[in-house]
Amino acid sequence: MAARLEVSILPEVRKLFPYMRQWRRYIHQNPELGFQEKKTSGLAAKVLRQAGWQVFTGIARTGVVGVLRGSRPGPTFAIRADMDALPIMEKNRCVYASQVPQVMHACGHDGNTAMALGAAVLLARYRTEWRGNVKIIFQPCEEVPPGGAQAMIRAGVLKSPEVAAIIAAHVDTSLPVGSIGIKSGLIMAAADAFTLIIRGKGGHGAMPHKSVDAISIAGQVITNVQHVIARELDPLEPAVISFGTIAGGAAYNVIADQVKLQGTIRTLSDQQRKKIPRQIERLAHGIAYAHRAKAAFTLELGHPALSNDEQITDQVRHAGNQVLGKTRVKILARPVMSGEDFTYFARAVPACFFRVGVGTKDPRYSYPWHHPRFDFAEQGLVSGAAVLVQTAREYLRA
Ligand SMILES: [Zn+2]
Ligand SMILES: [Zn+2]
């Protein structure tokens with residue numbers, strides 16, 4: 001049996017491509033927001049059952065877990081895929097475009113789910129050759145904190161059988177089809193949200209001296225907050241502060257009494273993560289005070305930074321070298337400042353999150369994540385599924 005392991009699985013994964021494309025397109029046409037993934041999880045459960053997996057549904061509301069036991073006892077290796085879409089109106093006009101207004105798979109979780117399903121079908125065929133178990137976790141709501149990963153962990157998905165290591169694949173249009181991107185250590189940032197309310201005093205637009213203008217004070221806060229990044233933080237430690245919303249005022253000739261700002265803070269170290277909110281709060285209070293206004297700051301903690309385990313990452317890299325060839329396994333030089341709730345799995349067990357190339361020279365596949373025209377070259381799903389399967393096989397190799 002062990003000899004079969006040496007044979008490349010790529011041809012077999014290629015045969016599954018039409019199925020993966022069909023699943024991806026069905027999910028893309030029927031996108032569902034976090035914790036509403038009924039059709040998506042229904043499809044996942046159906047495919048798993050047909051392939052011979054033991055299936056558990058309704059975990060953390062819409063999550064699905066499959067367990068596949070090998071021929072002999074051993075450790076449990078897990079694969080996680082996320083299933084949720086985003087509240088975006090799709091601008092693509094392809095045949096498989098979203099049929100749900102204002103909901104779209106603009107992060108490629110349709111592809112992540114299809115890849116994991118392809119891997120599941122193939123793993124079921126190899127079950128006699130390894131010891132231990134494979135667990136596959138289809139997780140709801142990756143996009144909105146607190147997210148589905150924590151809910152799944154609380155529901156016990158890492159227990160019975162206890163997961164020893166976990167991997168996840170995410171499609172990426174910045175990498176070419178046929179390749180994967182991988183990095184040991186830090187790979188994604190902590191993503192926290194904050195709200196700032198500037199309270200002044202309303203009045204007539206022609207009589208500023210009788211009011212406290214919340215809009216002009218908010219303007220000063222917005223520009224000054226970047227001073228934290230530029231002058232108060234170590235330039236070698238990256239961090240981002242971005243305002244995403246601003247709301248205030250009711251009429252062109254009325255001085256606004258209040259402005260509400262919302263923003264995001266992205267950091268790579270726990271130390272920066274603790275420091276920056278305090279710095280923003282201090283600055284907002286100071287500016288508001290200087291101009292007779294008041295500031296209220298609230299922080300909403302999102303996902304902590306995601307760090308890949310060195311050993312598991314090495315195993316994914318090795319599996320990538322085996323099935324795709326060394327030149328197609330790209331070692332990523334830097335993390336990105338977006339967040340990912342796989343971090344909760346990675347904080348619980350040794351883990352690796354890797355990217356799957358789905359980009360080509362075709363401009364249709366050049367848009368970044370969360371863009372209303374996001375789409376990807378589906379052939380890339382073959383490489384992703386192959387690496388998921390090969391890593392699990394190697395890990396559980398008897
Ligand atoms: Zn996303
Ligand atoms: Zn995503």
# chains A, B, ... in the order shown; residues from 1 in each chain; ligands from 1
$ residues_near_ligand --ligand "ligand 1" --cutoff "7 Å" --atoms "only C-alpha atoms and all ligand atoms" --output "ChimeraX atom specification"
/A:107,143,369-370
$ select_by_dssp --residues "segment 108-264 of chain A" --states "strand (DSSP E)" --output "ChimeraX atom specification"
/A:131-139,163-176,180-182,185-188,190-199,203-204,239-248,254-255,258-264
$ residues_near_ligand --ligand "ligand 2" --cutoff "12 Å" --atoms "only C-alpha atoms and all ligand atoms" --output "PyMOL selection string"
chain A and resi 34+81-86+105-113+139-144+147+168-173+188+338-342+353-356+368-371+374
$ closest_residue --among "A:Leu186, A:Ala296, A:Ile197, A:Val163" --to "Ala333 of chain A" --atoms "only C-alpha atoms"
A:Leu186
$ residues_around --residues "segment 61-66 of chain A" --least-positions-apart "6" --cutoff "9 Å" --atoms "only C-alpha atoms" --output "list in words"
Gly34, Phe35, Gln36, Glu37, Lys38, Thr40, Ser41, Gly42, Ala44, Ala45, Leu48, Arg49, Trp53, Gln54, Val55, Met83, Ala120, Val134, Lys135, Ile136, Ile137, Phe138, Gln139, Pro140, Gly148, Ala151, Met152 and Val157 of chain A
$ write_last_selection --atoms "N, CA and C atoms" --output "PDB file, in the first residue's frame"
ATOM      1  N   GLY A  34     -22.722  34.821   6.784  1.00  0.00           N
ATOM      2  CA  GLY A  34     -22.292  34.064   7.955  1.00  0.00           C
ATOM      3  C   GLY A  34     -23.430  33.520   8.807  1.00  0.00           C
ATOM      4  N   PHE A  35     -23.331  32.258   9.167  1.00  0.00           N
ATOM      5  CA  PHE A  35     -24.307  31.516   9.970  1.00  0.00           C
ATOM      6  C   PHE A  35     -25.633  31.302   9.243  1.00  0.00           C
ATOM      7  N   GLN A  36     -25.650  31.580   7.929  1.00  0.00           N
ATOM      8  CA  GLN A  36     -26.857  31.285   7.130  1.00  0.00           C
ATOM      9  C   GLN A  36     -26.527  30.304   6.012  1.00  0.00           C
ATOM     10  N   GLU A  37     -25.388  29.621   6.123  1.00  0.00           N
ATOM     11  CA  GLU A  37     -24.898  28.791   5.011  1.00  0.00           C
ATOM     12  C   GLU A  37     -25.649  27.471   4.940  1.00  0.00           C
ATOM     13  N   LYS A  38     -26.933  27.527   4.641  1.00  0.00           N
ATOM     14  CA  LYS A  38     -27.750  26.294   4.635  1.00  0.00           C
ATOM     15  C   LYS A  38     -27.523  25.473   3.365  1.00  0.00           C
ATOM     16  N   THR A  40     -25.023  25.770   1.253  1.00  0.00           N
ATOM     17  CA  THR A  40     -23.608  25.409   1.158  1.00  0.00           C
ATOM     18  C   THR A  40     -23.290  24.225   2.066  1.00  0.00           C
ATOM     19  N   SER A  41     -23.751  24.294   3.304  1.00  0.00           N
ATOM     20  CA  SER A  41     -23.442  23.181   4.221  1.00  0.00           C
ATOM     21  C   SER A  41     -24.228  21.933   3.820  1.00  0.00           C
ATOM     22  N   GLY A  42     -25.417  22.134   3.221  1.00  0.00           N
ATOM     23  CA  GLY A  42     -26.194  20.992   2.722  1.00  0.00           C
ATOM     24  C   GLY A  42     -25.425  20.260   1.623  1.00  0.00           C
ATOM     25  N   ALA A  44     -22.120  20.358   1.191  1.00  0.00           N
ATOM     26  CA  ALA A  44     -20.925  19.744   1.804  1.00  0.00           C
ATOM     27  C   ALA A  44     -21.294  18.407   2.457  1.00  0.00           C
ATOM     28  N   ALA A  45     -22.380  18.402   3.221  1.00  0.00           N
ATOM     29  CA  ALA A  45     -22.793  17.179   3.927  1.00  0.00           C
ATOM     30  C   ALA A  45     -23.129  16.076   2.918  1.00  0.00           C
ATOM     31  N   LEU A  48     -19.911  14.685   1.285  1.00  0.00           N
ATOM     32  CA  LEU A  48     -19.160  13.888   2.265  1.00  0.00           C
ATOM     33  C   LEU A  48     -19.819  12.526   2.471  1.00  0.00           C
ATOM     34  N   ARG A  49     -21.137  12.534   2.647  1.00  0.00           N
ATOM     35  CA  ARG A  49     -21.858  11.268   2.874  1.00  0.00           C
ATOM     36  C   ARG A  49     -21.682  10.326   1.697  1.00  0.00           C
ATOM     37  N   TRP A  53     -17.882   9.458   4.221  1.00  0.00           N
ATOM     38  CA  TRP A  53     -17.466  10.074   5.480  1.00  0.00           C
ATOM     39  C   TRP A  53     -18.588   9.977   6.504  1.00  0.00           C
ATOM     40  N   GLN A  54     -18.177   9.951   7.770  1.00  0.00           N
ATOM     41  CA  GLN A  54     -19.148  10.081   8.855  1.00  0.00           C
ATOM     42  C   GLN A  54     -19.411  11.588   8.995  1.00  0.00           C
ATOM     43  N   VAL A  55     -20.671  11.994   8.966  1.00  0.00           N
ATOM     44  CA  VAL A  55     -20.976  13.430   8.869  1.00  0.00           C
ATOM     45  C   VAL A  55     -21.774  13.939  10.066  1.00  0.00           C
ATOM     46  N   MET A  83     -17.107  28.907   4.548  1.00  0.00           N
ATOM     47  CA  MET A  83     -18.223  28.786   3.601  1.00  0.00           C
ATOM     48  C   MET A  83     -18.973  30.085   3.322  1.00  0.00           C
ATOM     49  N   ALA A 120     -11.792  15.812   0.028  1.00  0.00           N
ATOM     50  CA  ALA A 120     -12.538  14.827   0.821  1.00  0.00           C
ATOM     51  C   ALA A 120     -12.862  13.585  -0.001  1.00  0.00           C
ATOM     52  N   VAL A 134      -8.853  11.472   9.408  1.00  0.00           N
ATOM     53  CA  VAL A 134      -8.912  12.825   8.848  1.00  0.00           C
ATOM     54  C   VAL A 134     -10.246  13.414   9.275  1.00  0.00           C
ATOM     55  N   LYS A 135     -10.173  14.672   9.692  1.00  0.00           N
ATOM     56  CA  LYS A 135     -11.399  15.379  10.043  1.00  0.00           C
ATOM     57  C   LYS A 135     -11.487  16.572   9.110  1.00  0.00           C
ATOM     58  N   ILE A 136     -12.668  16.808   8.577  1.00  0.00           N
ATOM     59  CA  ILE A 136     -12.823  17.962   7.694  1.00  0.00           C
ATOM     60  C   ILE A 136     -13.864  18.888   8.307  1.00  0.00           C
ATOM     61  N   ILE A 137     -13.503  20.151   8.396  1.00  0.00           N
ATOM     62  CA  ILE A 137     -14.344  21.123   9.109  1.00  0.00           C
ATOM     63  C   ILE A 137     -14.812  22.197   8.132  1.00  0.00           C
ATOM     64  N   PHE A 138     -16.107  22.248   7.872  1.00  0.00           N
ATOM     65  CA  PHE A 138     -16.679  23.316   7.043  1.00  0.00           C
ATOM     66  C   PHE A 138     -17.276  24.345   7.991  1.00  0.00           C
ATOM     67  N   GLN A 139     -16.610  25.470   8.033  1.00  0.00           N
ATOM     68  CA  GLN A 139     -16.900  26.461   9.062  1.00  0.00           C
ATOM     69  C   GLN A 139     -17.783  27.600   8.549  1.00  0.00           C
ATOM     70  N   PRO A 140     -18.792  27.998   9.339  1.00  0.00           N
ATOM     71  CA  PRO A 140     -19.577  29.175   8.950  1.00  0.00           C
ATOM     72  C   PRO A 140     -18.853  30.476   9.304  1.00  0.00           C
ATOM     73  N   GLY A 148     -17.059  32.171  12.992  1.00  0.00           N
ATOM     74  CA  GLY A 148     -17.476  30.790  13.182  1.00  0.00           C
ATOM     75  C   GLY A 148     -16.403  29.871  13.750  1.00  0.00           C
ATOM     76  N   ALA A 151     -16.782  29.549  17.461  1.00  0.00           N
ATOM     77  CA  ALA A 151     -18.031  28.824  17.751  1.00  0.00           C
ATOM     78  C   ALA A 151     -17.857  27.332  17.494  1.00  0.00           C
ATOM     79  N   MET A 152     -17.137  26.982  16.423  1.00  0.00           N
ATOM     80  CA  MET A 152     -16.900  25.566  16.113  1.00  0.00           C
ATOM     81  C   MET A 152     -16.008  24.929  17.185  1.00  0.00           C
ATOM     82  N   VAL A 157     -15.231  20.781  17.957  1.00  0.00           N
ATOM     83  CA  VAL A 157     -14.748  20.146  16.714  1.00  0.00           C
ATOM     84  C   VAL A 157     -13.288  19.691  16.771  1.00  0.00           C
TER      85      VAL A 157
END
$ residues_around --residues "Val212 of chain A" --least-positions-apart "5" --cutoff "12 Å" --atoms "only C-alpha atoms" --output "PyMOL selection string"
chain A and resi 198-205+207+217-218+254-259+288-294
$ atom_distance --atom1 "atom CA of Ile79 of chain A" --atom2 "atom CA of Leu332 of chain A"
21.1 Å
$ closest_residue --among "A:Ala116, A:Ile59, A:Ile166, A:Leu175" --to "Thr343 of chain A" --atoms "only C-alpha atoms"
A:Ile166
$ atom_distance --atom1 "atom CA of Thr360 of chain A" --atom2 "atom CA of Ala377 of chain A"
6.9 Å
$ atom_distance --atom1 "atom CA of Leu233 of chain A" --atom2 "atom CA of Gln272 of chain A"
8.1 Å
$ residues_around --residues "segment 90-101 of chain A" --least-positions-apart "2" --cutoff "10 Å" --atoms "only C-alpha atoms" --output "ChimeraX atom specification"
/A:22,24-32,86-88,103-106,364,371-375
$ write_last_selection --atoms "C-alpha atoms" --output "PDB file, in the first residue's frame"
ATOM      1  CA  GLN A  22     -19.719  22.445 -10.465  1.00  0.00           C
ATOM      2  CA  ARG A  24     -17.937  26.046  -6.777  1.00  0.00           C
ATOM      3  CA  ARG A  25     -20.411  27.462  -9.275  1.00  0.00           C
ATOM      4  CA  TYR A  26     -23.425  26.221  -7.330  1.00  0.00           C
ATOM      5  CA  ILE A  27     -22.062  27.869  -4.164  1.00  0.00           C
ATOM      6  CA  HIS A  28     -21.166  31.017  -6.108  1.00  0.00           C
ATOM      7  CA  GLN A  29     -24.685  31.308  -7.497  1.00  0.00           C
ATOM      8  CA  ASN A  30     -26.180  30.699  -4.063  1.00  0.00           C
ATOM      9  CA  PRO A  31     -24.017  32.803  -1.736  1.00  0.00           C
ATOM     10  CA  GLU A  32     -24.972  32.873   1.942  1.00  0.00           C
ATOM     11  CA  LEU A  86     -20.005  38.893   1.762  1.00  0.00           C
ATOM     12  CA  PRO A  87     -22.687  41.619   1.636  1.00  0.00           C
ATOM     13  CA  ILE A  88     -21.492  42.856  -1.771  1.00  0.00           C
ATOM     14  CA  VAL A 103     -24.592  38.847  -1.433  1.00  0.00           C
ATOM     15  CA  MET A 104     -21.482  37.616  -3.193  1.00  0.00           C
ATOM     16  CA  HIS A 105     -18.584  35.217  -2.819  1.00  0.00           C
ATOM     17  CA  ALA A 106     -15.988  37.966  -3.210  1.00  0.00           C
ATOM     18  CA  ARG A 364     -11.148  38.860 -15.126  1.00  0.00           C
ATOM     19  CA  HIS A 371     -13.870  43.396  -4.888  1.00  0.00           C
ATOM     20  CA  PRO A 372     -17.343  43.339  -6.567  1.00  0.00           C
ATOM     21  CA  ARG A 373     -15.649  41.911  -9.666  1.00  0.00           C
ATOM     22  CA  PHE A 374     -13.639  39.257  -7.815  1.00  0.00           C
ATOM     23  CA  ASP A 375     -13.475  36.014  -9.768  1.00  0.00           C
TER      24      ASP A 375
END
$ residues_around --residues "Ala193 of chain A" --least-positions-apart "2" --cutoff "8 Å" --atoms "only C-alpha atoms" --output "list in words"
Ala191, Thr195, Gln262, Gly263, Thr264, Ile265, Leu299, Glu300, Leu301 and Gly302 of chain A
$ closest_residue --among "A:Arg273, A:Arg69, A:Arg317, A:Arg21" --to "Val387 of chain A" --atoms "only C-alpha atoms"
A:Arg317
$ residues_around --residues "Glu237 of chain A" --least-positions-apart "3" --cutoff "10 Å" --atoms "only C-alpha atoms" --output "short mmCIF file (atom, residue, chain, number, x, y, z; two decimals) with C-alpha atoms, in the first residue's frame"
data_model
loop_
_atom_site.label_atom_id
_atom_site.label_comp_id
_atom_site.auth_asym_id
_atom_site.auth_seq_id
_atom_site.Cartn_x
_atom_site.Cartn_y
_atom_site.Cartn_z
CA ILE A 229 1.74 55.26 12.91
CA LEU A 233 5.52 53.33 16.51
CA ASP A 234 8.67 51.49 15.58
CA THR A 267 -1.17 44.79 13.77
CA LEU A 268 1.25 41.87 13.73
CA SER A 269 2.42 41.85 17.34
CA GLN A 272 1.33 46.86 19.11
#
$ select_by_dssp --residues "segment 112-272 of chain A" --states "alpha helix (DSSP H)" --output "VMD selection string"
chain A and resid 112 to 125 148 to 154 214 to 227 270 to 272
$ decode --residues "segment 246-371 of chain A" --atoms "C-alpha atoms" --output "compact mmCIF listing (two decimals), in the first residue's frame"
# COMPACT_ATOMS: atom_id res chain seq x y z
CA ILE A 246 -17.83 58.76 8.93
CA ALA A 247 -21.29 60.03 9.78
CA GLY A 248 -22.47 63.35 11.14
CA GLY A 249 -24.54 66.40 10.40
CA ALA A 250 -28.02 66.80 8.97
CA ALA A 251 -28.07 69.98 6.88
CA TYR A 252 -25.57 72.09 4.93
CA ASN A 253 -26.09 75.17 7.08
CA VAL A 254 -26.20 73.53 10.50
CA ILE A 255 -23.12 72.88 12.61
CA ALA A 256 -23.11 69.21 13.51
CA ASP A 257 -23.23 68.36 17.20
CA GLN A 258 -21.85 64.86 16.75
CA VAL A 259 -19.70 62.77 14.40
CA LYS A 260 -19.35 59.01 14.50
CA LEU A 261 -16.23 57.43 13.04
CA GLN A 262 -15.48 53.75 12.65
CA GLY A 263 -12.16 52.24 11.77
CA THR A 264 -9.92 49.23 11.80
CA ILE A 265 -6.54 48.60 13.41
CA ARG A 266 -4.21 45.99 11.89
CA THR A 267 -1.17 44.79 13.77
CA LEU A 268 1.25 41.87 13.73
CA SER A 269 2.42 41.85 17.34
CA ASP A 270 0.41 41.55 20.56
CA GLN A 271 2.38 44.50 21.93
CA GLN A 272 1.33 46.86 19.11
CA ARG A 273 -2.18 45.52 19.34
CA LYS A 274 -2.42 46.61 22.98
CA LYS A 275 -0.68 49.94 22.46
CA ILE A 276 -2.44 51.46 19.43
CA PRO A 277 -6.02 51.66 20.77
CA ARG A 278 -4.74 53.55 23.83
CA GLN A 279 -2.82 55.93 21.58
CA ILE A 280 -5.86 56.64 19.40
CA GLU A 281 -8.02 57.20 22.48
CA ARG A 282 -5.49 59.59 24.05
CA LEU A 283 -5.16 61.56 20.84
CA ALA A 284 -8.93 61.83 20.29
CA HIS A 285 -9.49 62.97 23.88
CA GLY A 286 -6.70 65.52 23.62
CA ILE A 287 -7.92 67.01 20.34
CA ALA A 288 -11.54 67.06 21.51
CA TYR A 289 -10.53 68.71 24.79
CA ALA A 290 -8.46 71.35 23.00
CA HIS A 291 -11.55 72.34 21.03
CA ARG A 292 -14.15 72.19 23.84
CA ALA A 293 -15.61 68.89 22.61
CA LYS A 294 -15.70 65.38 24.04
CA ALA A 295 -14.56 62.10 22.54
CA ALA A 296 -15.75 58.59 23.34
CA PHE A 297 -13.68 55.63 22.15
CA THR A 298 -14.78 52.01 22.08
CA LEU A 299 -12.75 49.04 20.92
CA GLU A 300 -14.10 45.80 19.52
CA LEU A 301 -11.50 43.07 19.49
CA GLY A 302 -11.39 41.03 16.28
CA HIS A 303 -9.14 38.14 15.36
CA PRO A 304 -5.56 37.99 16.68
CA ALA A 305 -2.69 37.66 14.19
CA LEU A 306 -2.32 34.31 12.44
CA SER A 307 0.95 32.46 12.76
CA ASN A 308 1.81 29.23 10.95
CA ASP A 309 3.53 26.39 12.80
CA GLU A 310 7.01 25.74 11.40
CA GLN A 311 6.76 21.96 11.29
CA ILE A 312 3.28 21.73 9.75
CA THR A 313 4.21 24.44 7.24
CA ASP A 314 7.24 22.36 6.31
CA GLN A 315 4.99 19.37 5.73
CA VAL A 316 2.65 21.38 3.48
CA ARG A 317 5.65 22.74 1.57
CA HIS A 318 7.02 19.22 1.16
CA ALA A 319 3.62 17.94 -0.06
CA GLY A 320 3.48 20.90 -2.48
CA ASN A 321 6.95 20.04 -3.81
CA GLN A 322 5.83 16.44 -4.35
CA VAL A 323 2.60 17.10 -6.21
CA LEU A 324 3.25 20.45 -7.91
CA GLY A 325 7.03 20.67 -8.15
CA LYS A 326 9.39 22.96 -6.26
CA THR A 327 9.06 25.95 -8.58
CA ARG A 328 5.31 26.06 -7.98
CA VAL A 329 5.63 26.33 -4.21
CA LYS A 330 6.18 30.03 -3.60
CA ILE A 331 7.64 31.02 -0.26
CA LEU A 332 5.84 34.23 0.71
CA ALA A 333 8.21 36.89 1.94
CA ARG A 334 5.76 38.87 4.03
CA PRO A 335 2.47 38.53 5.85
CA VAL A 336 -0.57 40.53 4.68
CA MET A 337 -2.42 42.95 6.96
CA SER A 338 -5.84 41.39 6.48
CA GLY A 339 -7.31 39.15 9.18
CA GLU A 340 -8.47 35.53 9.21
CA ASP A 341 -10.31 33.64 11.95
CA PHE A 342 -8.41 30.40 11.24
CA THR A 343 -6.10 31.96 13.82
CA TYR A 344 -8.26 30.42 16.60
CA PHE A 345 -7.58 26.93 15.25
CA ALA A 346 -3.90 27.84 14.90
CA ARG A 347 -3.77 28.97 18.53
CA ALA A 348 -5.29 25.66 19.66
CA VAL A 349 -3.24 23.15 17.59
CA PRO A 350 -0.21 23.25 15.25
CA ALA A 351 -1.53 24.72 12.00
CA CYS A 352 -0.75 25.97 8.52
CA PHE A 353 -2.80 28.35 6.39
CA PHE A 354 -1.65 28.49 2.79
CA ARG A 355 -2.73 30.28 -0.38
CA VAL A 356 -3.74 28.65 -3.62
CA GLY A 357 -2.94 30.38 -6.91
CA VAL A 358 -6.05 31.13 -8.97
CA GLY A 359 -4.73 34.07 -11.00
CA THR A 360 -3.90 34.21 -14.73
CA LYS A 361 -3.11 36.99 -17.18
CA ASP A 362 -6.84 37.20 -17.93
CA PRO A 363 -7.96 40.53 -16.43
CA ARG A 364 -11.15 38.86 -15.13
CA TYR A 365 -9.00 37.07 -12.57
CA SER A 366 -6.96 40.03 -11.45
CA TYR A 367 -9.26 41.58 -8.83
CA PRO A 368 -8.32 41.38 -5.17
CA TRP A 369 -10.42 39.82 -2.41
CA HIS A 370 -13.66 41.63 -1.50
CA HIS A 371 -13.87 43.40 -4.89
